[in-house]
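Contents: one structure, followed by commentary.
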Amino acid sequence: MNILEQVLAANGQFMERFVEGVHYCPENSKLPNRHLAIFTCMDTRLVDFLEPAMGIKRGEAKVIKNAGNSVTGPFESTIRSLIVSIYELGVKEVMVIGHLDCGLAHTTAESLIQKMLIRKISPDAIKMIEAELRDWIDHFHHPIDNIEEVVIKIRNNPLIPKDVPIHGLIFNPHTGQLEVVVDGYQACI
Ligand SMILES: [Zn+2]
C-alpha cells in the first residue's frame, strides 16, 4: 500500500469507530475556546506530542506551522493567519514555540540550491528567490535566537494589536519539556 492508500484505509477504520460511537468526537466550534494561537515548527516529532504536552485539546487553539517557525515579512502567511485568528476567531494570546534540535539550524541555502539543481529546478527560478532564501535559512542559527527574533517581529508588526501577549517558548522534542524564553505579559501594555 502506498501512503495515500494507508491513510484512506486508516480513515475507513476511524469512521467505523466513529459511527459505532467508540471514538468520542465532540462537536467543536471553529473558535478556539482557550483563545490561544500556537505558532510552531513543522517538525514531525511535534505531531501528536506538542499539544498533549501543553494540555491543549481539540477545539482549544489555532495551530500555525511552518519550517523553523519563521516569520519572513510584514504580511507573510503566518502574520495573515494570526490576523484572522485575532480579529475573526477570538484569539487573545500567541505562543511562538520553537524546539531544540531544529532541522533548520543544520540546513543552508547553498545545500538547498544544490539539491534543487540536481532535481532540475531552473536556475532562473532559483535566482528569483535566492536572496530571500539566504536571508531566511542562513540567518537561522539557533532555535532560541529565532524564537526571540520572531516574537519581536510579531510584537512590532503594526497589524498586531498591542494588548495581545506574544510569548516565546522552547520545546524539547525528546522529553516534552517546555521552557519560557519570552514572557509576553511583560511586554504588554
Ligand atoms: Zn524545527
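Ligands are numbered from 1 in the order shown, residues from 1 within each chain, and chains are lettered A, B, ... in the order they appear in the C-alpha cells.
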
Within 8 Å of ligand 1 (counting only C-alpha atoms and all ligand atoms), which residues show up? I'd like them as a ChimeraX atom specification. /A:40-43,67-69,98-104,143

Take the selection from the previous step and output its residues with N, CA and C atoms, as a PDB file, in the first residue's frame.
```pdb
ATOM      1  N   THR A  40       4.282  27.220  15.628  1.00  0.00           N
ATOM      2  CA  THR A  40       5.390  26.313  15.902  1.00  0.00           C
ATOM      3  C   THR A  40       5.983  25.747  14.617  1.00  0.00           C
ATOM      4  N   CYS A  41       6.919  24.818  14.771  1.00  0.00           N
ATOM      5  CA  CYS A  41       7.647  24.234  13.643  1.00  0.00           C
ATOM      6  C   CYS A  41       6.884  23.029  13.085  1.00  0.00           C
ATOM      7  N   MET A  42       7.168  22.710  11.829  1.00  0.00           N
ATOM      8  CA  MET A  42       6.506  21.568  11.190  1.00  0.00           C
ATOM      9  C   MET A  42       7.154  20.230  11.554  1.00  0.00           C
ATOM     10  N   ASP A  43       8.169  20.255  12.422  1.00  0.00           N
ATOM     11  CA  ASP A  43       8.904  19.040  12.793  1.00  0.00           C
ATOM     12  C   ASP A  43       7.963  17.871  13.121  1.00  0.00           C
ATOM     13  N   ALA A  67       8.303  25.705   8.501  1.00  0.00           N
ATOM     14  CA  ALA A  67       9.663  25.230   8.763  1.00  0.00           C
ATOM     15  C   ALA A  67      10.371  26.225   9.669  1.00  0.00           C
ATOM     16  N   GLY A  68      10.750  25.790  10.860  1.00  0.00           N
ATOM     17  CA  GLY A  68      11.513  26.642  11.769  1.00  0.00           C
ATOM     18  C   GLY A  68      10.723  27.767  12.390  1.00  0.00           C
ATOM     19  N   ASN A  69       9.386  27.626  12.463  1.00  0.00           N
ATOM     20  CA  ASN A  69       8.532  28.720  12.986  1.00  0.00           C
ATOM     21  C   ASN A  69       9.131  30.082  12.650  1.00  0.00           C
ATOM     22  N   GLY A  98       9.403  27.336  19.472  1.00  0.00           N
ATOM     23  CA  GLY A  98      10.472  26.672  18.738  1.00  0.00           C
ATOM     24  C   GLY A  98      10.850  25.406  19.487  1.00  0.00           C
ATOM     25  N   HIS A  99      11.787  24.660  18.931  1.00  0.00           N
ATOM     26  CA  HIS A  99      12.187  23.426  19.619  1.00  0.00           C
ATOM     27  C   HIS A  99      13.673  23.170  19.464  1.00  0.00           C
ATOM     28  N   LEU A 100      14.218  22.460  20.440  1.00  0.00           N
ATOM     29  CA  LEU A 100      15.630  22.080  20.386  1.00  0.00           C
ATOM     30  C   LEU A 100      15.843  21.156  19.196  1.00  0.00           C
ATOM     31  N   ASP A 101      17.076  21.143  18.667  1.00  0.00           N
ATOM     32  CA  ASP A 101      17.435  20.225  17.591  1.00  0.00           C
ATOM     33  C   ASP A 101      16.604  20.493  16.329  1.00  0.00           C
ATOM     34  N   CYS A 102      16.308  21.784  16.068  1.00  0.00           N
ATOM     35  CA  CYS A 102      15.514  22.137  14.879  1.00  0.00           C
ATOM     36  C   CYS A 102      16.344  21.936  13.618  1.00  0.00           C
ATOM     37  N   GLY A 103      15.772  21.229  12.657  1.00  0.00           N
ATOM     38  CA  GLY A 103      16.494  20.896  11.430  1.00  0.00           C
ATOM     39  C   GLY A 103      16.929  22.112  10.636  1.00  0.00           C
ATOM     40  N   LEU A 104      16.190  23.213  10.791  1.00  0.00           N
ATOM     41  CA  LEU A 104      16.515  24.401  10.000  1.00  0.00           C
ATOM     42  C   LEU A 104      17.882  24.971  10.372  1.00  0.00           C
ATOM     43  N   PRO A 143      17.608  27.811  17.637  1.00  0.00           N
ATOM     44  CA  PRO A 143      16.163  27.975  17.822  1.00  0.00           C
ATOM     45  C   PRO A 143      15.775  29.019  18.866  1.00  0.00           C
TER      46      PRO A 143
END
```

Taking the backbone alone, and naming residues the way the document does, which bits of region 5-186 of chain A are strand (DSSP E) by DSSP, as a PyMOL selection string? chain A and resi 36-41+61-66+93-99+166-171+178-182

Next, dump the selected residues to file, keeping only N, CA and C atoms, as a PDB file, in the first residue's frame.
```pdb
ATOM      1  N   LEU A  36      -6.297  30.939  22.163  1.00  0.00           N
ATOM      2  CA  LEU A  36      -4.845  30.841  22.007  1.00  0.00           C
ATOM      3  C   LEU A  36      -4.478  30.478  20.567  1.00  0.00           C
ATOM      4  N   ALA A  37      -3.412  31.137  20.055  1.00  0.00           N
ATOM      5  CA  ALA A  37      -2.812  30.712  18.790  1.00  0.00           C
ATOM      6  C   ALA A  37      -1.400  30.226  19.089  1.00  0.00           C
ATOM      7  N   ILE A  38      -1.074  29.042  18.592  1.00  0.00           N
ATOM      8  CA  ILE A  38       0.259  28.466  18.755  1.00  0.00           C
ATOM      9  C   ILE A  38       0.937  28.518  17.393  1.00  0.00           C
ATOM     10  N   PHE A  39       2.138  29.098  17.364  1.00  0.00           N
ATOM     11  CA  PHE A  39       2.895  29.143  16.118  1.00  0.00           C
ATOM     12  C   PHE A  39       4.166  28.334  16.348  1.00  0.00           C
ATOM     13  N   THR A  40       4.282  27.220  15.628  1.00  0.00           N
ATOM     14  CA  THR A  40       5.390  26.313  15.902  1.00  0.00           C
ATOM     15  C   THR A  40       5.983  25.747  14.617  1.00  0.00           C
ATOM     16  N   CYS A  41       6.919  24.818  14.771  1.00  0.00           N
ATOM     17  CA  CYS A  41       7.647  24.234  13.643  1.00  0.00           C
ATOM     18  C   CYS A  41       6.884  23.029  13.085  1.00  0.00           C
ATOM     19  N   ALA A  61      -7.278  25.630  20.479  1.00  0.00           N
ATOM     20  CA  ALA A  61      -6.263  26.581  19.996  1.00  0.00           C
ATOM     21  C   ALA A  61      -6.135  26.506  18.482  1.00  0.00           C
ATOM     22  N   LYS A  62      -5.718  27.620  17.896  1.00  0.00           N
ATOM     23  CA  LYS A  62      -5.313  27.630  16.497  1.00  0.00           C
ATOM     24  C   LYS A  62      -3.843  27.210  16.461  1.00  0.00           C
ATOM     25  N   VAL A  63      -3.481  26.321  15.557  1.00  0.00           N
ATOM     26  CA  VAL A  63      -2.089  25.893  15.452  1.00  0.00           C
ATOM     27  C   VAL A  63      -1.579  26.221  14.052  1.00  0.00           C
ATOM     28  N   ILE A  64      -0.566  27.078  13.999  1.00  0.00           N
ATOM     29  CA  ILE A  64       0.038  27.513  12.737  1.00  0.00           C
ATOM     30  C   ILE A  64       1.442  26.920  12.702  1.00  0.00           C
ATOM     31  N   LYS A  65       1.822  26.336  11.565  1.00  0.00           N
ATOM     32  CA  LYS A  65       3.147  25.707  11.499  1.00  0.00           C
ATOM     33  C   LYS A  65       3.859  26.090  10.207  1.00  0.00           C
ATOM     34  N   ASN A  66       5.164  26.196  10.295  1.00  0.00           N
ATOM     35  CA  ASN A  66       5.996  26.209   9.092  1.00  0.00           C
ATOM     36  C   ASN A  66       7.393  25.733   9.466  1.00  0.00           C
ATOM     37  N   GLU A  93      -4.127  35.507  22.881  1.00  0.00           N
ATOM     38  CA  GLU A  93      -2.697  35.354  23.207  1.00  0.00           C
ATOM     39  C   GLU A  93      -2.044  34.488  22.129  1.00  0.00           C
ATOM     40  N   VAL A  94      -0.745  34.727  21.913  1.00  0.00           N
ATOM     41  CA  VAL A  94       0.014  33.971  20.904  1.00  0.00           C
ATOM     42  C   VAL A  94       1.222  33.340  21.578  1.00  0.00           C
ATOM     43  N   MET A  95       1.488  32.070  21.277  1.00  0.00           N
ATOM     44  CA  MET A  95       2.710  31.421  21.747  1.00  0.00           C
ATOM     45  C   MET A  95       3.549  31.000  20.544  1.00  0.00           C
ATOM     46  N   VAL A  96       4.761  31.549  20.469  1.00  0.00           N
ATOM     47  CA  VAL A  96       5.729  31.124  19.449  1.00  0.00           C
ATOM     48  C   VAL A  96       6.543  30.011  20.093  1.00  0.00           C
ATOM     49  N   ILE A  97       6.458  28.811  19.552  1.00  0.00           N
ATOM     50  CA  ILE A  97       7.114  27.664  20.191  1.00  0.00           C
ATOM     51  C   ILE A  97       8.126  27.040  19.228  1.00  0.00           C
ATOM     52  N   GLY A  98       9.403  27.336  19.472  1.00  0.00           N
ATOM     53  CA  GLY A  98      10.472  26.672  18.738  1.00  0.00           C
ATOM     54  C   GLY A  98      10.850  25.406  19.487  1.00  0.00           C
ATOM     55  N   HIS A  99      11.787  24.660  18.931  1.00  0.00           N
ATOM     56  CA  HIS A  99      12.187  23.426  19.619  1.00  0.00           C
ATOM     57  C   HIS A  99      13.673  23.170  19.464  1.00  0.00           C
ATOM     58  N   ILE A 166       2.532  38.194  23.254  1.00  0.00           N
ATOM     59  CA  ILE A 166       3.241  37.284  22.343  1.00  0.00           C
ATOM     60  C   ILE A 166       4.313  36.577  23.180  1.00  0.00           C
ATOM     61  N   HIS A 167       4.077  35.336  23.517  1.00  0.00           N
ATOM     62  CA  HIS A 167       5.022  34.580  24.329  1.00  0.00           C
ATOM     63  C   HIS A 167       6.000  33.822  23.426  1.00  0.00           C
ATOM     64  N   GLY A 168       7.174  33.530  23.965  1.00  0.00           N
ATOM     65  CA  GLY A 168       8.144  32.677  23.259  1.00  0.00           C
ATOM     66  C   GLY A 168       8.523  31.508  24.149  1.00  0.00           C
ATOM     67  N   LEU A 169       8.438  30.291  23.617  1.00  0.00           N
ATOM     68  CA  LEU A 169       8.790  29.105  24.412  1.00  0.00           C
ATOM     69  C   LEU A 169       9.653  28.160  23.588  1.00  0.00           C
ATOM     70  N   ILE A 170      10.480  27.387  24.291  1.00  0.00           N
ATOM     71  CA  ILE A 170      11.304  26.372  23.630  1.00  0.00           C
ATOM     72  C   ILE A 170      10.847  25.001  24.119  1.00  0.00           C
ATOM     73  N   PHE A 171      10.709  24.071  23.160  1.00  0.00           N
ATOM     74  CA  PHE A 171      10.190  22.733  23.452  1.00  0.00           C
ATOM     75  C   PHE A 171      11.280  21.705  23.210  1.00  0.00           C
ATOM     76  N   LEU A 178       8.728  22.086  28.210  1.00  0.00           N
ATOM     77  CA  LEU A 178       8.578  23.447  27.674  1.00  0.00           C
ATOM     78  C   LEU A 178       9.253  24.428  28.618  1.00  0.00           C
ATOM     79  N   GLU A 179       9.972  25.399  28.063  1.00  0.00           N
ATOM     80  CA  GLU A 179      10.536  26.462  28.904  1.00  0.00           C
ATOM     81  C   GLU A 179      10.221  27.811  28.281  1.00  0.00           C
ATOM     82  N   VAL A 180       9.974  28.792  29.148  1.00  0.00           N
ATOM     83  CA  VAL A 180       9.652  30.131  28.665  1.00  0.00           C
ATOM     84  C   VAL A 180      10.933  30.851  28.242  1.00  0.00           C
ATOM     85  N   VAL A 181      10.924  31.388  27.041  1.00  0.00           N
ATOM     86  CA  VAL A 181      12.041  32.213  26.551  1.00  0.00           C
ATOM     87  C   VAL A 181      11.657  33.691  26.659  1.00  0.00           C
ATOM     88  N   VAL A 182      10.420  34.001  26.279  1.00  0.00           N
ATOM     89  CA  VAL A 182       9.905  35.371  26.381  1.00  0.00           C
ATOM     90  C   VAL A 182       8.539  35.324  27.059  1.00  0.00           C
TER      91      VAL A 182
END
```

Can you measure CA of Leu159 (chain A) to CA of Leu89 (chain A) for me? One decimal in Å is fine. 15.6 Å

May I ask for the distance between CA of Ser70 (chain A) and CA of Val150 (chain A), given in Å to one decimal place?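 Distance between the two atoms: 6.7 Å.
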
Using only C-alpha atoms, which of A:Ile126, A:Ile79, A:Val71, A:Val164 sits nearest Phe140 (chain A)? A:Val71

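Considering only C-alpha atoms, the residue among A:Gly176, A:Phe14, A:Leu31, A:Val7 positioned nearest to Tyr87 (chain A) is A:Leu31.
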
Quick check, in Å to one decimal: how far apart do CA of Glu60 (chain A) and CA of Glu88 (chain A) lie?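 Calculated distance between CA of Glu60 (chain A) and CA of Glu88 (chain A) is 15.2 Å.
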